[in-house]
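The next block holds one structure in the form of structure tokens; read it before the comments.
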Amino acid sequence: MKFLNKIVSFYYREYKLNLSGLQDILTNIIFFFISIFIFIFSIGPDRETISLIGVGILWTLLLLSSTLSLRKFYQDDFENGNLLITHLNGFSFGFIAILKTFSHFLFVQIPFLLSIPIACILLNIVNDKLIYLFISFSIGSLILSCLGSISSSMNLMNQRNFLLGSVIVMIFSIPVIIFSVGIINMEENFNSLINILFGILLIVFAINPWASGLCLKLSLENN
Amino acid sequence: MKFLNKIVSFYYREYKLNLSGLQDILTNIIFFFISIFIFIFSIGPDRETISLIGVGILWTLLLLSSTLSLRKFYQDDFENGNLLITHLNGFSFGFIAILKTFSHFLFVQIPFLLSIPIACILLNIVNDKLIYLFISFSIGSLILSCLGSISSSMNLMNQRNFLLGSVIVMIFSIPVIIFSVGIINMEENFNSLINILFGILLIVFAINPWASGLCLKLSLENN
Amino acid sequence: MILVKDLSIERSNKTIFNNVNLSLGSGNIILLKGKNGSGKTTLLKTIVNIIDPSSGSIYWKGKPLKKNLYDFYNHTTYIADKTSSLSKLTVQDNIKIWKKIFLSKINNSQIESILKTLKLDNYLNQKVSSLSFGETKKLEFLRLIIEDKKIWILDEPLSSLDDESIDIIGQTFQDHRSKEGSIIFSSHQNSDIGVTEEIRL
Amino acid sequence: MILVKDLSIERSNKTIFNNVNLSLGSGNIILLKGKNGSGKTTLLKTIVNIIDPSSGSIYWKGKPLKKNLYDFYNHTTYIADKTSSLSKLTVQDNIKIWKKIFLSKINNSQIESILKTLKLDNYLNQKVSSLSFGETKKLEFLRLIIEDKKIWILDEPLSSLDDESIDIIGQTFQDHRSKEGSIIFSSHQNSDIGVTEEIRL
Amino acid sequence: MMFLINPNKFNKAADFLIKPILVLSIILFSLGLLFSFYLSPEDYQQGSTVRIMYVHVPSAWLALLTYAIMTLYSIAALAFRIPFGFIINTAVAPIGGIFTLICIISGSFWGKPMWGTWWVWDARLTSVAILFIIYLVIIFMNLSFENRVVREKVVAIFVLVGSINLPIVKFSVDWWNTLHQPATISKLSKPNIDPSMMIPLIIMTFAFAMIGLVIAILRIKTEIISRKSNLG
Ligand code: HEM
Ligand SMILES: Nc1ncnc2c1ncn2[C@@H]1O[C@H](COP(=O)(O)OP(=O)(O)OP(=O)(O)O)[C@@H](O)[C@H]1O
Ligand SMILES: Nc1ncnc2c1ncn2[C@@H]1O[C@H](COP(=O)(O)OP(=O)(O)OP(=O)(O)O)[C@@H](O)[C@H]1O
Ligand SMILES: [Mg+2]
Ligand SMILES: [Mg+2]
């Protein structure tokens, strides 16, 4: 009970923090929409092509904008000592990683997921695909959050080369992207593909607390 | 002479900060190419489609990279007091803004511009467009640097209305980019279009030191 | 309750200190002294298990610390030499957040009275980033009251404070001691704050 | 050389201080004292023209400061209450950068000897982020030597330093004074560091 | 064979072997150049551009081989706690990266006359490009992580995960219908390639391998030294 309460208050804190960083989220979303406009303009008014590549574009933009927010993942908490406080407050580093991953999903990815319907209208993606899109996007963005957690905790130990973490995330997300784009275009065996995606999610989800936790501990030790 | 020397050492410092060597520039470039890969993976290997949206992809990535680095623009220097030191070292705030904008252009945008020719090979963009592309990209990225300077200096003030302001500045980049994307596809009146782009550059370039300088001064005052 | 035995620490192959022993019982106030770079912060961090010692061991209630870590954390407040309040939020918001995350049972009037003694009551709606250095530091001490733990581990709590505030902190230390609490803190200053033991590094 | 006349400052409609007067001539060492939040940092920031005063004026060499700002900056080193060294870089890199940006004519052997007296010579290749709090603070003082200016404006230079380092700083202050330099600094501590005037806020 | 997993033994073996290998590599390389530029025939379809093959194919093979070696050593290092594996990873990655780069560049120069473009997004080319990026990331990880113990583990894990890409590179031509030349030599029983091209190819492959080996030995030796003095 006490533990549950602590988790709730953890999210209260995250909420307060993210709200004050509203600008970052807005910047991400604006980036997202500007990019969509860019594509629409560069392709021209040919609606066929747009809807053909729309899903791919959405996926790429999802990935890119989650790299945009990677720096926020642990960096701030690490620098102002709140990572340590949270640990001393009774959360193991692995568990902090899980909490933070969800928080990233909640406060960064969800706003995106919500803007997907609008993006679909712009990109002329037919309505009956929307539900597939949504499911695959939710799973995919959770995967991205997990990968992001790992790479940005690694980045704490490597304060010089910030982009390296993002590059690693992106390499690992290539298979995810291939599968997820495939899902939309192969409606018949939707289920088996989504299962694969789900499998990937489970794997990264299991690795995440272990890997991120280790990196967090080491980076605090060396600070 | 002394002043010139100081400018040189300003860039020495920026260099040390931004790039702890060649590897950082290279990581930047890798990031760029991986993003291209991801686009290709999600869109599919069809050469026609790729060359159709190739320019769009490049612009999106340019936008992404400058959004990614927005936070580095003034935030770090502001927080660790180096903004103040630079000012006390004899640079007015407006001039600091100019220097910083160029530094952003140098260390963030230039690596991109340099990798554009290779990217064009990968994206199957025909050679004779390359020169147009290059010109419009150079101007466009300078515009983005100026807008980035304004918006991230506004962001320093950390007050709700200014947060919104910085987002609005971001929105200004929409017409610029859309316009520049258009340039490539309208080769006939390239010259007149590039002149318009150049005009926009001059305007933001003139506003930048004034607006950013003011924001920097105010944010230091209220810190 | 805390027992440190023959603790040695190396970092990047440099020995920082060797064979430190200390024991912190209830009602003790231990002052760590030493030159800059002598390893005070390192020692305190080792006690809260952020840094692994090269040799030696730490016990909590007779058991090795690592075995019993979260129970130890449950009884400990650690305040580092940097402040942890969120500078973008107001003082009030920070207090609210602390109250939530530490599941504090302190009621508001108590907090108000403490804020008043610390002279922070006028700044409730001010952003932490615009507080003076000392005020941020004093704000940090609120955590001691909000967390309400037995053991306080404080890194340079007295630096940058005016004499009046130091007296208030000293008062708080004595209160805590009379409630069987224990404190270990580092400082460069000599103030008579009721220290029961002094350890030099 | 610096003359502050009837300076008052308000922030967010709160008066922080009223009618402060001071004059800093060559060879003067002024100590600012006052409680936490009394406005010491604010006063120093006003003197270096980061904060605009609500009323009153500041003169530099007889002329209003604003008219003559960059000449003033040319003669002034300001060290704030936060450190400005870049924590990702090593001590050596930081020194190198400072030497470049301040166009310093100090040669390396001089810097080495200062590093030795400050006991920082062993840390040249260590990242600033892994230095102890006091060591970072001492590193900051190198700027005084590297910049080599007439007027030093220092915000709480003595906090978190051990007695030995404080003595060294005191020595440096006296040296500077004998070279007709002037210093204004704030502190909560009472150390006999050769202060010529004390101002209470 | 202990010299393959023990730094000290490796050092001794390397001191003994390095000169012969160096000599051998010089001989093989000049021989290979001679063969591929003067003694081998032009292809009736491709003309003299076929000579690119003698650079392209060996470098491609060695790029793959290097990664395979790194994978094996990563397994050894992680599963059997043989720290020599970490040394190999650090030392050998740049060599593999350079081979991959040579493969890509020579392939592009070959592709321009053959396919009409420098680059197409077919499965083999894409997977090789990813291989190159994986090499680069490994190199940069080695350069930029500060904590050596963590860095080595992270790199080794990354090498292992990245090895999924290896079979994709190798078999992409069989699995998918691609533009790229299918394997010709792998069918050992009956190579459908002319012996006059086969000989220079094999000589060049060995020459490349020997050159790579010389650089690798030197890099491994410096790596061992820097680990001992704890500089890295
Ligand atoms: C940038 C473009 C290219 C890349 C990245 C590339 C990559 C590779 C790789 C990785 C291999 C080794 C495959 C294996 O061991 O089975 C290979 C072999 C080969 N490549 Fe390429 N290649 C490229 C372009 C070309 C072109 C344009 C041609 C000629 C039309 C070509 C002809 C060959 C041949 C004949 C082999 C030997 C196949 C064998 O005998 O197994 N490649 N290439
Ligand atoms: N990661 C590290 N690598 C190498 N040396 C380190 C590392 N972290 C700390 N040190 C060194 O350990 C020593 C002890 O540091 P510590 O912060 O414990 O000192 P301290 O007693 O708290 O000093 P102060 O009074 O200045 O706060 C310092 O000399 C510091 O440079
Ligand atoms: N932007 C602001 N808005 C409102 N009040 C402010 C602002 N900035 C500073 N203050 C207030 O001004 C007062 C003076 O702050 P200052 O930092 O000058 O104090 P100080 O004398 O340096 O204290 P310390 O000894 O703690 O460093 C503080 O009470 C602070 O809360
Ligand atoms: Mg300390
Ligand atoms: Mg102050």
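Chain labels run A, B, ... following the order of the structure tokens; each chain numbers its residues from 1, and ligands are numbered from 1 in the order shown.
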*From the DSSP assignment of the backbone, select every residue of segment 6-156 of chain D that is strand (DSSP E), and format the answer as JSON, numbers by chain.*
{"D": [6, 7, 8, 9, 10, 11, 14, 15, 16, 17, 18, 19, 20, 21, 22, 23, 24, 29, 30, 31, 32, 33, 55, 56, 57, 58, 59, 60, 63, 64, 76, 77, 78, 79, 151, 152, 153, 154]}
Show me, as a PyMOL selection string, every residue of chain D with an atom at most 6 Å from chain B, counting only C-alpha atoms.
chain D and resi 50-51+70+73+84+97+100-101
Could you list, as a PyMOL selection string, every residue within 8 Å of segment 97-108 of chain A, counting only C-alpha atoms and ignoring same-chain residues fewer than 4 positions away? chain A and resi 7+11+14-15+18+25+66+69+73+93+112+141-142+145-146+149+208-209+212-213
Using C-alpha atoms, can you export the residues from the last selection as a PDB file, in the first residue's frame?
```
ATOM      1  CA  ILE A   7       4.412   5.116  -7.110  1.00  0.00           C
ATOM      2  CA  TYR A  11       3.888  10.131 -11.227  1.00  0.00           C
ATOM      3  CA  GLU A  14       6.636  13.583 -13.176  1.00  0.00           C
ATOM      4  CA  TYR A  15       3.418  15.262 -14.117  1.00  0.00           C
ATOM      5  CA  ASN A  18       6.517  17.656 -17.545  1.00  0.00           C
ATOM      6  CA  ILE A  25       6.308  18.375 -25.720  1.00  0.00           C
ATOM      7  CA  SER A  66      11.080  10.052 -29.457  1.00  0.00           C
ATOM      8  CA  SER A  69      13.004  13.662 -25.979  1.00  0.00           C
ATOM      9  CA  PHE A  73      14.747  10.866 -19.839  1.00  0.00           C
ATOM     10  CA  PHE A  93      17.324   1.425  -9.856  1.00  0.00           C
ATOM     11  CA  PHE A 112       1.698  11.677 -30.140  1.00  0.00           C
ATOM     12  CA  SER A 141       6.068   3.334 -28.964  1.00  0.00           C
ATOM     13  CA  LEU A 142       6.372   1.298 -25.789  1.00  0.00           C
ATOM     14  CA  SER A 145      10.387   4.015 -24.738  1.00  0.00           C
ATOM     15  CA  CYS A 146      12.207   0.966 -23.424  1.00  0.00           C
ATOM     16  CA  SER A 149      15.507   4.280 -21.423  1.00  0.00           C
ATOM     17  CA  ASN A 208      15.240  -2.584 -19.732  1.00  0.00           C
ATOM     18  CA  PRO A 209      15.155  -2.563 -15.906  1.00  0.00           C
ATOM     19  CA  SER A 212      19.116   0.760 -17.334  1.00  0.00           C
ATOM     20  CA  GLY A 213      19.327   0.015 -13.637  1.00  0.00           C
TER      21      GLY A 213
END
```
Excluding same-chain residues fewer than 5 positions from segment 129-136 of chain C, what lies within 6 Å of it counting only C-alpha atoms, as a VMD selection string? (chain B and resid 223) or (chain C and resid 87 160 to 161) or (chain D and resid 36 to 37)
Tell me, as a PyMOL selection string, which residues lie within 12 Å of segment 109-115 of chain D, counting only C-alpha atoms; anything in the same chain fewer than 2 positions away does not count. chain D and resi 91-92+95-96+98-99+104-107+117-124+135+138-147+165+168-169+172
### Message
ligand 1: which residues are within 8 Å, counting only C-alpha atoms and all ligand atoms? Reply as a PyMOL selection string.
### Response
chain E and resi 50+53+56-58+60-61+63-64+100+103-112+114-115+118-120+124-129+169-171+180-186
Output file for the selection above: C-alpha atoms, as a compact mmCIF listing (two decimals), in the first residue's frame:
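Below you can see part_23.txt, which holds the result:
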```
# COMPACT_ATOMS: atom_id res chain seq x y z
CA VAL E 50 35.58 -6.58 -63.75
CA MET E 53 36.02 -7.48 -58.27
CA HIS E 56 35.43 -5.75 -53.90
CA VAL E 57 34.98 -9.40 -53.14
CA PRO E 58 37.97 -9.89 -50.83
CA ALA E 60 33.48 -8.02 -48.56
CA TRP E 61 34.52 -11.41 -47.32
CA ALA E 63 34.42 -7.52 -43.53
CA LEU E 64 32.13 -10.42 -42.77
CA THR E 100 33.33 -2.69 -45.20
CA CYS E 103 33.55 -3.01 -50.14
CA ILE E 104 30.87 -0.34 -50.36
CA ILE E 105 32.98 2.13 -52.29
CA SER E 106 34.29 -0.44 -54.76
CA GLY E 107 30.79 -1.85 -55.11
CA SER E 108 29.42 1.60 -55.87
CA PHE E 109 32.06 2.17 -58.51
CA TRP E 110 31.16 -1.16 -59.97
CA GLY E 111 27.47 -0.44 -59.77
CA LYS E 112 27.65 2.80 -61.74
CA MET E 114 26.66 -2.07 -64.34
CA TRP E 115 23.37 -0.85 -62.93
CA TRP E 118 25.77 4.33 -57.49
CA TRP E 119 23.30 2.92 -55.07
CA VAL E 120 20.10 0.89 -54.95
CA ARG E 124 22.40 -6.94 -49.80
CA LEU E 125 23.50 -3.36 -50.20
CA THR E 126 21.29 -2.20 -47.37
CA SER E 127 22.46 -4.87 -45.00
CA VAL E 128 26.08 -4.09 -45.81
CA ALA E 129 25.43 -0.42 -45.13
CA VAL E 169 24.27 -9.93 -45.47
CA LYS E 170 25.45 -13.36 -46.50
CA PHE E 171 22.19 -14.88 -47.59
CA HIS E 180 23.28 -8.09 -56.65
CA GLN E 181 25.37 -10.96 -57.95
CA PRO E 182 24.45 -14.25 -56.25
CA ALA E 183 27.14 -16.28 -54.59
CA THR E 184 29.36 -17.95 -57.11
CA ILE E 185 32.17 -19.37 -55.13
CA SER E 186 30.27 -20.74 -52.23
```
Superposing chain B on chain A by least squares with every Cα paired in order, what RMSD results?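 Fitting chain B to chain A over paired C-alpha atoms yields 2.2 Å.
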**Message:** Distance limit 10 Å, atoms considered: only C-alpha atoms. Which chain E residues sit that close to chain A? Return them as JSON, numbers by chain.
**Reply:** {"E": [130, 133, 134, 137, 138, 140, 141, 143, 144, 145, 146, 147, 150, 151, 154, 158, 161, 162]}
Those selected residues, please, written with N, CA, C and O atoms and delivered as a PDB file, in the first residue's frame.
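This went into selection-v1.pdb:
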```pdb
ATOM      1  N   ILE E 130      24.255  -1.303 -43.219  1.00  0.00           N
ATOM      2  CA  ILE E 130      23.988  -1.394 -41.778  1.00  0.00           C
ATOM      3  C   ILE E 130      25.179  -1.995 -41.048  1.00  0.00           C
ATOM      4  O   ILE E 130      25.545  -1.560 -39.955  1.00  0.00           O
ATOM      5  N   ILE E 133      27.509   0.736 -40.422  1.00  0.00           N
ATOM      6  CA  ILE E 133      27.113   1.600 -39.315  1.00  0.00           C
ATOM      7  C   ILE E 133      27.329   0.908 -37.976  1.00  0.00           C
ATOM      8  O   ILE E 133      27.759   1.530 -37.001  1.00  0.00           O
ATOM      9  N   ILE E 134      27.072  -0.386 -37.956  1.00  0.00           N
ATOM     10  CA  ILE E 134      27.322  -1.114 -36.710  1.00  0.00           C
ATOM     11  C   ILE E 134      28.798  -1.030 -36.333  1.00  0.00           C
ATOM     12  O   ILE E 134      29.150  -0.773 -35.176  1.00  0.00           O
ATOM     13  N   VAL E 137      29.442   2.405 -34.929  1.00  0.00           N
ATOM     14  CA  VAL E 137      28.927   2.591 -33.569  1.00  0.00           C
ATOM     15  C   VAL E 137      29.833   1.897 -32.565  1.00  0.00           C
ATOM     16  O   VAL E 137      30.117   2.441 -31.488  1.00  0.00           O
ATOM     17  N   ILE E 138      30.314   0.715 -32.929  1.00  0.00           N
ATOM     18  CA  ILE E 138      31.223   0.016 -32.015  1.00  0.00           C
ATOM     19  C   ILE E 138      32.480   0.855 -31.777  1.00  0.00           C
ATOM     20  O   ILE E 138      32.925   1.034 -30.642  1.00  0.00           O
ATOM     21  N   PHE E 140      32.827   4.081 -32.025  1.00  0.00           N
ATOM     22  CA  PHE E 140      32.538   5.270 -31.220  1.00  0.00           C
ATOM     23  C   PHE E 140      32.237   4.924 -29.775  1.00  0.00           C
ATOM     24  O   PHE E 140      32.550   5.687 -28.875  1.00  0.00           O
ATOM     25  N   MET E 141      31.597   3.769 -29.581  1.00  0.00           N
ATOM     26  CA  MET E 141      31.362   3.376 -28.194  1.00  0.00           C
ATOM     27  C   MET E 141      32.688   3.182 -27.495  1.00  0.00           C
ATOM     28  O   MET E 141      32.874   3.586 -26.344  1.00  0.00           O
ATOM     29  N   LEU E 143      35.335   4.703 -28.093  1.00  0.00           N
ATOM     30  CA  LEU E 143      36.005   5.981 -27.882  1.00  0.00           C
ATOM     31  C   LEU E 143      35.353   6.819 -26.803  1.00  0.00           C
ATOM     32  O   LEU E 143      36.018   7.606 -26.142  1.00  0.00           O
ATOM     33  N   SER E 144      34.036   6.694 -26.636  1.00  0.00           N
ATOM     34  CA  SER E 144      33.412   7.734 -25.831  1.00  0.00           C
ATOM     35  C   SER E 144      32.895   7.294 -24.467  1.00  0.00           C
ATOM     36  O   SER E 144      32.611   8.146 -23.654  1.00  0.00           O
ATOM     37  N   PHE E 145      32.783   6.020 -24.187  1.00  0.00           N
ATOM     38  CA  PHE E 145      32.376   5.656 -22.834  1.00  0.00           C
ATOM     39  C   PHE E 145      33.561   5.746 -21.901  1.00  0.00           C
ATOM     40  O   PHE E 145      34.658   5.312 -22.237  1.00  0.00           O
ATOM     41  N   GLU E 146      33.322   6.312 -20.720  1.00  0.00           N
ATOM     42  CA  GLU E 146      34.442   6.540 -19.840  1.00  0.00           C
ATOM     43  C   GLU E 146      34.786   5.325 -18.984  1.00  0.00           C
ATOM     44  O   GLU E 146      35.939   5.022 -18.763  1.00  0.00           O
ATOM     45  N   ASN E 147      33.773   4.652 -18.517  1.00  0.00           N
ATOM     46  CA  ASN E 147      34.021   3.551 -17.607  1.00  0.00           C
ATOM     47  C   ASN E 147      34.364   2.295 -18.405  1.00  0.00           C
ATOM     48  O   ASN E 147      33.533   1.747 -19.111  1.00  0.00           O
ATOM     49  N   VAL E 150      32.258  -1.116 -17.975  1.00  0.00           N
ATOM     50  CA  VAL E 150      30.935  -1.056 -18.575  1.00  0.00           C
ATOM     51  C   VAL E 150      31.039  -1.050 -20.088  1.00  0.00           C
ATOM     52  O   VAL E 150      30.328  -1.763 -20.788  1.00  0.00           O
ATOM     53  N   ARG E 151      31.961  -0.212 -20.554  1.00  0.00           N
ATOM     54  CA  ARG E 151      32.072  -0.030 -21.993  1.00  0.00           C
ATOM     55  C   ARG E 151      32.281  -1.371 -22.678  1.00  0.00           C
ATOM     56  O   ARG E 151      31.601  -1.700 -23.640  1.00  0.00           O
ATOM     57  N   VAL E 154      29.148  -3.476 -22.690  1.00  0.00           N
ATOM     58  CA  VAL E 154      28.149  -2.930 -23.592  1.00  0.00           C
ATOM     59  C   VAL E 154      28.517  -3.229 -25.045  1.00  0.00           C
ATOM     60  O   VAL E 154      27.690  -3.687 -25.833  1.00  0.00           O
ATOM     61  N   PHE E 158      26.519  -5.485 -27.697  1.00  0.00           N
ATOM     62  CA  PHE E 158      26.110  -4.874 -28.955  1.00  0.00           C
ATOM     63  C   PHE E 158      26.600  -5.694 -30.142  1.00  0.00           C
ATOM     64  O   PHE E 158      25.864  -5.914 -31.109  1.00  0.00           O
ATOM     65  N   VAL E 161      24.314  -8.733 -30.480  1.00  0.00           N
ATOM     66  CA  VAL E 161      22.999  -8.427 -31.056  1.00  0.00           C
ATOM     67  C   VAL E 161      23.141  -8.089 -32.533  1.00  0.00           C
ATOM     68  O   VAL E 161      22.351  -8.526 -33.371  1.00  0.00           O
ATOM     69  N   GLY E 162      24.205  -7.349 -32.853  1.00  0.00           N
ATOM     70  CA  GLY E 162      24.410  -6.945 -34.237  1.00  0.00           C
ATOM     71  C   GLY E 162      24.726  -8.105 -35.157  1.00  0.00           C
ATOM     72  O   GLY E 162      24.591  -7.992 -36.381  1.00  0.00           O
TER      73      GLY E 162
END
```
Computed gap from atom CA of Gly56 of chain C to atom CA of Val20 of chain C is 8.6 Å
(Q) Can you pull out the residues contacting Asn49 of chain C? Cut-off 9 Å, using only C-alpha atoms, and skip same-chain residues under 6 positions away; I want them as a PyMOL selection string. (A) chain C and resi 65-66+69
Could the residues in this selection be written to a file with all heavy atoms, as a PDB file, in the first residue's frame?
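In the end it all went to again_8.pdb:
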```pdb
ATOM      1  N   LEU C  65      25.118  -3.761   5.440  1.00  0.00           N
ATOM      2  CA  LEU C  65      24.212  -2.758   4.879  1.00  0.00           C
ATOM      3  C   LEU C  65      23.500  -3.243   3.619  1.00  0.00           C
ATOM      4  O   LEU C  65      22.297  -3.070   3.460  1.00  0.00           O
ATOM      5  CB  LEU C  65      24.999  -1.490   4.585  1.00  0.00           C
ATOM      6  CG  LEU C  65      24.226  -0.343   3.945  1.00  0.00           C
ATOM      7  CD1 LEU C  65      23.231   0.220   4.914  1.00  0.00           C
ATOM      8  CD2 LEU C  65      25.169   0.750   3.494  1.00  0.00           C
ATOM      9  N   LYS C  66      24.267  -3.891   2.757  1.00  0.00           N
ATOM     10  CA  LYS C  66      23.704  -4.301   1.469  1.00  0.00           C
ATOM     11  C   LYS C  66      22.534  -5.264   1.625  1.00  0.00           C
ATOM     12  O   LYS C  66      21.620  -5.298   0.811  1.00  0.00           O
ATOM     13  CB  LYS C  66      24.782  -5.002   0.637  1.00  0.00           C
ATOM     14  CG  LYS C  66      25.845  -4.070   0.187  1.00  0.00           C
ATOM     15  CD  LYS C  66      26.071  -4.226  -1.295  1.00  0.00           C
ATOM     16  CE  LYS C  66      26.952  -3.090  -1.724  1.00  0.00           C
ATOM     17  NZ  LYS C  66      27.185  -3.053  -3.144  1.00  0.00           N
ATOM     18  N   LEU C  69      19.311  -2.997   2.779  1.00  0.00           N
ATOM     19  CA  LEU C  69      19.435  -1.650   2.243  1.00  0.00           C
ATOM     20  C   LEU C  69      18.164  -0.824   2.373  1.00  0.00           C
ATOM     21  O   LEU C  69      18.175   0.291   2.887  1.00  0.00           O
ATOM     22  CB  LEU C  69      19.849  -1.744   0.773  1.00  0.00           C
ATOM     23  CG  LEU C  69      20.315  -0.447   0.164  1.00  0.00           C
ATOM     24  CD1 LEU C  69      21.545   0.038   0.880  1.00  0.00           C
ATOM     25  CD2 LEU C  69      20.632  -0.644  -1.310  1.00  0.00           C
TER      26      LEU C  69
END
```
Which residues of chain A sit at most 6 Å from chain B, using only C-alpha atoms? Give each one's shortest atom pair and distance in Å (one decimal place), in chain and ascending residue order, as CSV.
```
residue,atom,partner,partner_atom,distance
A:Gln23,CA,B:Leu163,CA,5.8
A:Ser35,CA,B:Thr60,CA,5.4
A:Ile38,CA,B:Gly56,CA,5.8
A:Phe39,CA,B:Gly56,CA,5.3
A:Ser42,CA,B:Gly56,CA,5.5
A:Ile43,CA,B:Ile53,CA,5.9
A:Ile53,CA,B:Ile43,CA,5.4
A:Gly56,CA,B:Ser42,CA,4.3
A:Thr60,CA,B:Phe39,CA,5.9
A:Leu68,CA,B:Leu68,CA,5.6
A:Val167,CA,B:Phe31,CA,5.6
```
Discussion item. Considering only alpha helix (DSSP H) as DSSP defines it on the backbone, what residues of segment 54-210 of chain E qualify? List them as a PyMOL selection string.
Written reply: chain E and resi 54-79+84-115+123-144+148-162+165-175+195-210
Show me, as a Markdown table, the residues of chain D having an atom within 12 Å of chain E, each with the closest atom pair and its distance in Å, using only C-alpha atoms.
```
| residue | atom | partner | partner_atom | distance |
| --- | --- | --- | --- | --- |
| D:Lys88 | CA | E:Glu146 | CA | 11.4 |
| D:Asn125 | CA | E:Leu231 | CA | 11.7 |
| D:Gln126 | CA | E:Glu146 | CA | 11.7 |
| D:Lys127 | CA | E:Glu146 | CA | 10.7 |
```
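Closest approach to chain C among D:Thr41, D:Ser191, D:Asn74, D:Thr15: D:Thr41, based on only C-alpha atoms.
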